[in-house]
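Structure file my_file10.cif; described as mmCIF, C-alpha atoms (C1' of nucleotides) and all ligand atoms.
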data_target
loop_
_atom_site.label_atom_id
_atom_site.label_comp_id
_atom_site.auth_asym_id
_atom_site.auth_seq_id
_atom_site.Cartn_x
_atom_site.Cartn_y
_atom_site.Cartn_z
CA MET A 22 168.37 97.98 118.81
CA PRO A 23 170.01 100.11 121.55
CA ARG A 24 166.70 100.99 123.21
CA LEU A 25 168.29 103.46 125.58
CA ASN A 26 167.67 107.17 125.55
CA LEU A 27 170.53 108.52 127.67
CA LYS A 28 168.76 111.83 128.03
CA LYS A 29 165.67 110.27 129.55
CA ALA A 30 167.64 107.63 131.41
CA ALA A 31 169.73 110.29 133.16
CA TYR A 32 166.59 112.23 133.99
CA LEU A 33 165.01 109.12 135.51
CA GLN A 34 168.12 108.46 137.59
CA ARG A 35 168.12 111.99 139.02
CA HIS A 36 164.43 111.65 139.75
CA LEU A 37 164.72 108.31 141.55
CA ALA A 38 167.87 109.46 143.35
CA GLY A 39 165.66 111.77 145.34
CA LYS A 40 163.81 108.77 146.72
CA VAL A 41 166.84 106.98 148.13
CA ILE A 42 166.59 106.47 151.89
CA THR A 43 169.97 106.80 153.63
CA VAL A 44 168.97 105.66 157.09
CA ASP A 45 168.25 102.17 158.41
CA ASP A 46 164.78 101.00 157.50
CA PHE A 47 164.68 97.22 157.53
CA ASN A 48 164.00 94.29 159.86
CA LYS A 49 166.43 93.98 162.74
CA PRO A 50 168.09 91.83 163.62
CA VAL A 51 168.83 90.74 160.08
CA ARG A 52 168.05 87.08 159.50
CA TYR A 53 168.36 86.68 155.74
CA VAL A 54 170.76 88.45 153.40
CA GLY A 55 170.42 88.29 149.65
CA GLY A 56 172.94 88.66 146.85
CA VAL A 57 172.45 89.30 143.13
CA ASP A 58 174.65 89.17 140.04
CA VAL A 59 174.28 88.66 136.30
CA ALA A 60 176.20 86.61 133.73
CA TYR A 61 175.78 86.86 129.98
CA LYS A 62 175.74 84.58 126.98
CA ARG A 63 175.66 86.79 123.94
CA ARG A 64 172.58 88.93 124.45
CA VAL A 65 170.99 86.68 127.03
CA GLY A 66 171.26 87.76 130.64
CA ILE A 67 171.22 85.23 133.47
CA GLY A 68 170.33 86.87 136.76
CA VAL A 69 170.80 84.99 140.01
CA ALA A 70 169.55 85.85 143.49
CA THR A 71 170.87 84.06 146.55
CA LEU A 72 169.47 84.06 150.08
CA LEU A 73 171.73 83.23 153.01
CA GLU A 74 171.24 83.04 156.74
CA TYR A 75 172.99 86.12 158.12
CA ASP A 76 174.39 84.50 161.27
CA SER A 77 175.93 81.46 159.62
CA MET A 78 176.38 82.65 156.03
CA ARG A 79 174.83 79.37 154.95
CA LEU A 80 173.00 79.29 151.64
CA VAL A 81 169.26 78.79 152.11
CA GLU A 82 168.08 79.09 148.50
CA TYR A 83 168.86 80.63 145.15
CA LYS A 84 166.92 81.25 141.95
CA HIS A 85 167.82 82.38 138.45
CA TYR A 86 165.96 84.31 135.79
CA ILE A 87 166.90 84.36 132.11
CA THR A 88 165.96 87.21 129.79
CA GLU A 89 167.04 88.84 126.55
CA VAL A 90 169.11 91.97 127.12
CA ASP A 91 169.23 94.47 124.29
CA VAL A 92 170.54 97.41 126.26
CA PRO A 93 174.29 97.95 125.77
CA TYR A 94 176.63 98.62 128.67
CA VAL A 95 177.20 102.34 129.02
CA PRO A 96 179.21 103.56 132.03
CA THR A 97 176.88 105.04 134.69
CA PHE A 98 173.85 103.37 133.07
CA LEU A 99 174.57 99.78 134.14
CA ALA A 100 171.20 99.49 135.89
CA PHE A 101 169.27 99.58 132.63
CA ARG A 102 171.12 96.43 131.58
CA GLU A 103 171.15 94.44 134.79
CA ILE A 104 167.92 95.35 136.57
CA PRO A 105 165.60 93.11 134.49
CA PRO A 106 167.50 89.84 135.12
CA MET A 107 168.24 90.81 138.72
CA VAL A 108 164.66 91.71 139.56
CA GLY A 109 163.36 88.57 137.89
CA ALA A 110 165.61 86.43 140.05
CA ILE A 111 164.81 88.30 143.28
CA GLU A 112 161.08 87.92 142.72
CA ARG A 113 161.48 84.18 142.38
CA LEU A 114 162.93 83.76 145.85
CA GLU A 115 160.49 81.96 148.14
CA LYS A 116 161.76 83.61 151.29
CA LYS A 117 162.27 87.35 151.40
CA PRO A 118 165.72 88.73 152.30
CA ASP A 119 165.87 91.51 154.90
CA ILE A 120 168.48 93.27 152.78
CA VAL A 121 170.13 92.55 149.43
CA LEU A 122 173.76 92.97 148.34
CA VAL A 123 173.99 94.05 144.70
CA ASP A 124 177.11 93.55 142.58
CA ALA A 125 177.34 97.24 141.62
CA HIS A 126 177.61 100.69 143.17
CA GLY A 127 174.76 102.43 144.98
CA LEU A 128 175.21 106.08 145.96
CA VAL A 129 178.69 106.04 144.45
CA HIS A 130 177.37 107.34 141.15
CA PRO A 131 177.45 110.62 139.17
CA ARG A 132 173.73 111.17 139.65
CA GLY A 133 173.40 109.36 142.96
CA LEU A 134 171.66 106.29 141.64
CA GLY A 135 173.90 103.33 140.88
CA ALA A 136 172.22 100.01 140.05
CA ALA A 137 172.12 98.98 143.73
CA SER A 138 170.11 102.06 144.66
CA HIS A 139 168.03 101.84 141.50
CA ILE A 140 166.86 98.32 142.31
CA GLY A 141 166.20 99.25 145.90
CA VAL A 142 163.98 102.20 145.03
CA VAL A 143 162.10 100.37 142.27
CA LEU A 144 161.35 97.31 144.41
CA ASP A 145 161.28 99.35 147.62
CA ILE A 146 163.63 96.92 149.35
CA PRO A 147 166.76 97.52 151.46
CA THR A 148 169.93 97.19 149.32
CA ILE A 149 173.70 97.66 149.60
CA GLY A 150 176.10 98.32 146.75
CA VAL A 151 179.17 96.09 146.65
CA ALA A 152 181.42 96.92 143.68
CA LYS A 153 184.83 95.59 142.72
CA SER A 154 186.27 98.74 141.15
CA PRO A 155 185.77 102.51 141.52
CA LEU A 156 183.40 104.59 139.44
CA VAL A 157 183.56 108.10 140.88
CA GLY A 158 184.97 109.92 143.87
CA LYS A 159 188.20 109.77 145.84
CA VAL A 160 189.09 107.65 148.84
CA ASP A 161 190.13 109.69 151.88
CA GLU A 162 192.53 108.71 154.66
CA ASP A 163 189.78 106.90 156.57
CA GLY A 164 188.73 104.81 153.60
CA TYR A 165 185.58 106.77 152.80
CA ILE A 166 184.71 107.46 149.18
CA VAL A 167 184.12 111.19 148.86
CA TYR A 168 182.29 112.62 145.87
CA LYS A 169 181.17 116.21 145.45
CA GLY A 170 181.99 116.81 149.10
CA ARG A 171 179.84 113.91 150.29
CA ARG A 172 180.79 110.61 151.89
CA VAL A 173 179.01 108.25 149.55
CA GLY A 174 180.86 105.00 150.14
CA TYR A 175 183.67 103.11 151.78
CA LYS A 176 186.63 101.15 150.41
CA LEU A 177 186.65 97.89 152.36
CA GLY A 178 189.41 96.27 150.31
CA PRO A 179 191.52 96.48 147.13
CA ARG A 180 188.61 95.02 145.19
CA LEU A 181 185.68 95.93 147.40
CA TYR A 182 183.74 99.18 147.50
CA VAL A 183 180.66 99.48 149.70
CA SER A 184 177.91 102.05 149.35
CA ILE A 185 174.36 102.74 150.40
CA GLY A 186 171.84 101.16 148.11
CA HIS A 187 168.52 101.99 149.71
CA ARG A 188 166.99 102.11 153.19
CA VAL A 189 170.32 101.65 154.99
CA SER A 190 172.96 103.98 156.44
CA LEU A 191 176.55 103.82 155.24
CA GLU A 192 177.84 102.71 158.64
CA THR A 193 175.29 99.90 158.84
CA ALA A 194 175.98 98.88 155.24
CA ILE A 195 179.69 98.58 156.03
CA GLU A 196 178.97 96.51 159.12
CA ILE A 197 176.63 94.15 157.29
CA VAL A 198 179.05 93.62 154.41
CA LYS A 199 181.87 92.90 156.85
CA ASN A 200 179.77 90.15 158.38
CA THR A 201 179.26 88.50 155.00
CA LEU A 202 182.94 88.37 154.06
CA ARG A 203 184.68 85.13 153.30
CA ASN A 204 188.28 85.67 152.23
CA SER A 205 187.56 89.37 151.72
CA VAL A 206 184.69 88.66 149.33
CA PRO A 207 180.96 89.09 150.12
CA GLU A 208 179.52 85.56 150.16
CA PRO A 209 175.99 86.41 148.88
CA THR A 210 177.20 87.99 145.64
CA ARG A 211 180.09 85.55 145.29
CA LEU A 212 177.66 82.65 145.20
CA ALA A 213 175.29 84.50 142.87
CA HIS A 214 178.20 85.00 140.50
CA ILE A 215 179.14 81.33 140.64
CA TYR A 216 175.61 80.08 140.03
CA ALA A 217 175.01 82.52 137.19
CA ASN A 218 178.09 81.20 135.44
CA LYS A 219 177.04 77.62 136.13
CA VAL A 220 173.71 78.19 134.39
CA LYS A 221 175.59 79.89 131.59
CA LYS A 222 177.85 76.88 131.05
CA GLU A 223 174.83 74.62 130.84
CA MET A 224 173.65 76.80 127.97
CA ASP A 225 177.04 76.59 126.28
CA LYS A 226 176.72 72.80 125.92
CA GLU A 227 173.58 73.23 123.87
CA SER A 228 173.94 76.27 121.66
"C1'" DG B 15 187.04 119.83 124.66
"C1'" DC B 16 189.62 115.62 126.83
"C1'" DG B 17 189.72 111.66 129.57
"C1'" DA B 18 187.56 108.39 133.08
"C1'" DC B 19 184.18 105.19 133.35
"C1'" DA B 20 180.35 99.72 138.04
"C1'" DG B 21 179.44 95.11 135.04
"C1'" DA C 5 180.88 91.51 131.31
"C1'" DT C 6 182.55 88.33 127.23
"C1'" DC C 7 185.79 85.59 123.93
"C1'" DT C 8 188.50 80.80 125.42
"C1'" DT C 9 191.84 75.15 127.14
"C1'" DG C 10 195.05 73.88 129.13
"C1'" DT C 11 198.14 74.29 132.61
"C1'" DC C 12 201.08 75.64 136.81
"C1'" DG C 13 200.89 75.48 141.83
"C1'" DC C 14 199.12 74.85 146.71
MG MG A 301 178.42 91.33 138.09
#
Would you write out, as structure tokens, the structure that this file holds?
Amino acid sequence: MPRLNLKKAAYLQRHLAGKVITVDDFNKPVRYVGGVDVAYKRRVGIGVATLLEYDSMRLVEYKHYITEVDVPYVPTFLAFREIPPMVGAIERLEKKPDIVLVDAHGLVHPRGLGAASHIGVVLDIPTIGVAKSPLVGKVDEDGYIVYKGRRVGYKLGPRLYVSIGHRVSLETAIEIVKNTLRNSVPEPTRLAHIYANKVKKEMDKES
DNA sequence: GCGACAG
DNA sequence: ATCTTGTCGC
């Protein structure tokens, strides 16, 4: 059942954390921004990836990927639960996003590898972590999330925490997320969340 | 050792 | 995140 060896999982996270790139390394100017989220129906995960035009925040396309999820949710190990459905959905996109917003933390993590960074390193794509609640660290007077003496993220709102995922600097990540806001909520992940739940409800009718 | 703890 | 319908209010 719980196929998750926390000992090995933590080791893998520390290993991959060393591969996280914290400087801008993506196509500029950004044309397409992606967003990913996952909804669940029992043990079935429904991952959704959206792709929007950066300048207009208009949805261009979105795809979903359904897969069985046997890994339980364990704080700081979220990636092992959500990466499969998220990756499946991202790979189904016809166009490729220049950077992807992930509904989770990136560098704001005990071992420096939240799900947003984990996905970025594994797929080698630029990512940004956009979480709705804190995980670690303290917010200083300027809004930066400080953890172990390092500025790992930024609190953009009461329910919005931004952090480096992969191949992007914190300042650039903050700027990009700001440009995707609609009523204080990142549009790419907001839509991914909505579509994931829509697919889920379709499944409810049947089973 | 105790408590916190993304989604 | 999920379980779960209707209902109050703009
Ligand atoms: Mg989510």
**Message:** With all atoms listed in the file considered, list every residue of chain C at most 12 Å from chain A, as a ChimeraX atom specification.
**Reply:** /C:5-7
**Message:** Could you tell me which residues of chain A sit within 6 Å of chain B when counting all atoms listed in the file, and give me the result as a PyMOL selection string?
**Reply:** chain A and resi 96+125-126+156
**Prompt:** Mind pulling up the distance from CA of Glu223 (chain A) to CA of Asp91 (chain A)?
**Reply:** 21.6 Å
Produce a table with one row for each residue of chain A that has an atom at most 12 Å from any atom of ligand MG 301 (chain A), each row naming the nearest atom pair and its distance in Å at one decimal; use all atoms listed in the file; arrange rows by chain and rising residue number; format as JSON lines.
{"residue": "A:Gly56", "atom": "CA", "partner": "A:MG301", "partner_atom": "MG", "distance": 10.7}
{"residue": "A:Val57", "atom": "CA", "partner": "A:MG301", "partner_atom": "MG", "distance": 8.1}
{"residue": "A:Asp58", "atom": "CA", "partner": "A:MG301", "partner_atom": "MG", "distance": 4.8}
{"residue": "A:Val59", "atom": "CA", "partner": "A:MG301", "partner_atom": "MG", "distance": 5.2}
{"residue": "A:Ala60", "atom": "CA", "partner": "A:MG301", "partner_atom": "MG", "distance": 6.8}
{"residue": "A:Tyr61", "atom": "CA", "partner": "A:MG301", "partner_atom": "MG", "distance": 9.6}
{"residue": "A:Gly66", "atom": "CA", "partner": "A:MG301", "partner_atom": "MG", "distance": 10.9}
{"residue": "A:Ile67", "atom": "CA", "partner": "A:MG301", "partner_atom": "MG", "distance": 10.5}
{"residue": "A:Gly68", "atom": "CA", "partner": "A:MG301", "partner_atom": "MG", "distance": 9.3}
{"residue": "A:Val69", "atom": "CA", "partner": "A:MG301", "partner_atom": "MG", "distance": 10.1}
{"residue": "A:Ala70", "atom": "CA", "partner": "A:MG301", "partner_atom": "MG", "distance": 11.7}
{"residue": "A:Leu99", "atom": "CA", "partner": "A:MG301", "partner_atom": "MG", "distance": 10.1}
{"residue": "A:Ala100", "atom": "CA", "partner": "A:MG301", "partner_atom": "MG", "distance": 11.1}
{"residue": "A:Arg102", "atom": "CA", "partner": "A:MG301", "partner_atom": "MG", "distance": 11.0}
{"residue": "A:Glu103", "atom": "CA", "partner": "A:MG301", "partner_atom": "MG", "distance": 8.6}
{"residue": "A:Ile104", "atom": "CA", "partner": "A:MG301", "partner_atom": "MG", "distance": 11.3}
{"residue": "A:Pro106", "atom": "CA", "partner": "A:MG301", "partner_atom": "MG", "distance": 11.4}
{"residue": "A:Met107", "atom": "CA", "partner": "A:MG301", "partner_atom": "MG", "distance": 10.2}
{"residue": "A:Leu122", "atom": "CA", "partner": "A:MG301", "partner_atom": "MG", "distance": 11.4}
{"residue": "A:Val123", "atom": "CA", "partner": "A:MG301", "partner_atom": "MG", "distance": 8.4}
{"residue": "A:Asp124", "atom": "CA", "partner": "A:MG301", "partner_atom": "MG", "distance": 5.2}
{"residue": "A:Ala125", "atom": "CA", "partner": "A:MG301", "partner_atom": "MG", "distance": 7.0}
{"residue": "A:His126", "atom": "CA", "partner": "A:MG301", "partner_atom": "MG", "distance": 10.7}
{"residue": "A:Ala136", "atom": "CA", "partner": "A:MG301", "partner_atom": "MG", "distance": 10.8}
{"residue": "A:Ala137", "atom": "CA", "partner": "A:MG301", "partner_atom": "MG", "distance": 11.4}
{"residue": "A:Gly150", "atom": "CA", "partner": "A:MG301", "partner_atom": "MG", "distance": 11.4}
{"residue": "A:Val151", "atom": "CA", "partner": "A:MG301", "partner_atom": "MG", "distance": 9.8}
{"residue": "A:Ala152", "atom": "CA", "partner": "A:MG301", "partner_atom": "MG", "distance": 8.5}
{"residue": "A:Lys153", "atom": "CA", "partner": "A:MG301", "partner_atom": "MG", "distance": 9.0}
{"residue": "A:Ser154", "atom": "CA", "partner": "A:MG301", "partner_atom": "MG", "distance": 11.2}
{"residue": "A:Thr210", "atom": "CA", "partner": "A:MG301", "partner_atom": "MG", "distance": 8.3}
{"residue": "A:Arg211", "atom": "CA", "partner": "A:MG301", "partner_atom": "MG", "distance": 9.4}
{"residue": "A:Leu212", "atom": "CA", "partner": "A:MG301", "partner_atom": "MG", "distance": 11.2}
{"residue": "A:Ala213", "atom": "CA", "partner": "A:MG301", "partner_atom": "MG", "distance": 8.9}
{"residue": "A:His214", "atom": "CA", "partner": "A:MG301", "partner_atom": "MG", "distance": 6.8}
{"residue": "A:Ile215", "atom": "CA", "partner": "A:MG301", "partner_atom": "MG", "distance": 10.3}
{"residue": "A:Tyr216", "atom": "CA", "partner": "A:MG301", "partner_atom": "MG", "distance": 11.8}
{"residue": "A:Ala217", "atom": "CA", "partner": "A:MG301", "partner_atom": "MG", "distance": 9.5}
{"residue": "A:Asn218", "atom": "CA", "partner": "A:MG301", "partner_atom": "MG", "distance": 10.5}
**Request:** Excluding region 170-174 of chain A and residues on its chain fewer than 5 positions from it, collect all residues at most 12 Å away from it, counting all atoms listed in the file, and give them as JSON, numbers by chain.
**Result:** {"A": [43, 126, 127, 128, 129, 130, 131, 132, 133, 134, 135, 138, 149, 150, 151, 152, 155, 156, 157, 158, 159, 160, 161, 163, 164, 165, 181, 182, 183, 184, 185, 186, 190, 191, 192, 193, 194, 195]}
**Item:** CA of Leu177 (chain A) to CA of Arg52 (chain A), straight-line distance in Å
**Value:** 22.7 Å
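The nearest approach to Glu74 (chain A) among the residues A:Val44, A:Val92, A:Val108, A:Ile120, with all atoms listed in the file taken into account, belongs to A:Ile120.
One distance worth recording is that between CA of Arg64 (chain A) and CA of His85 (chain A), which is 16.2 Å.
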**Message:** (172.8, 82.0, 153.8) in this file's frame - what residues fall within 8 Å of it? Use only C-alpha atoms (C1' of nucleotides) and give the answer as a list of chain:residue names.
**Reply:** A:Tyr53, A:Val54, A:Gly55, A:Thr71, A:Leu72, A:Leu73, A:Glu74, A:Tyr75, A:Ser77, A:Met78, A:Arg79, A:Leu80, A:Val81, A:Glu82, A:Pro209
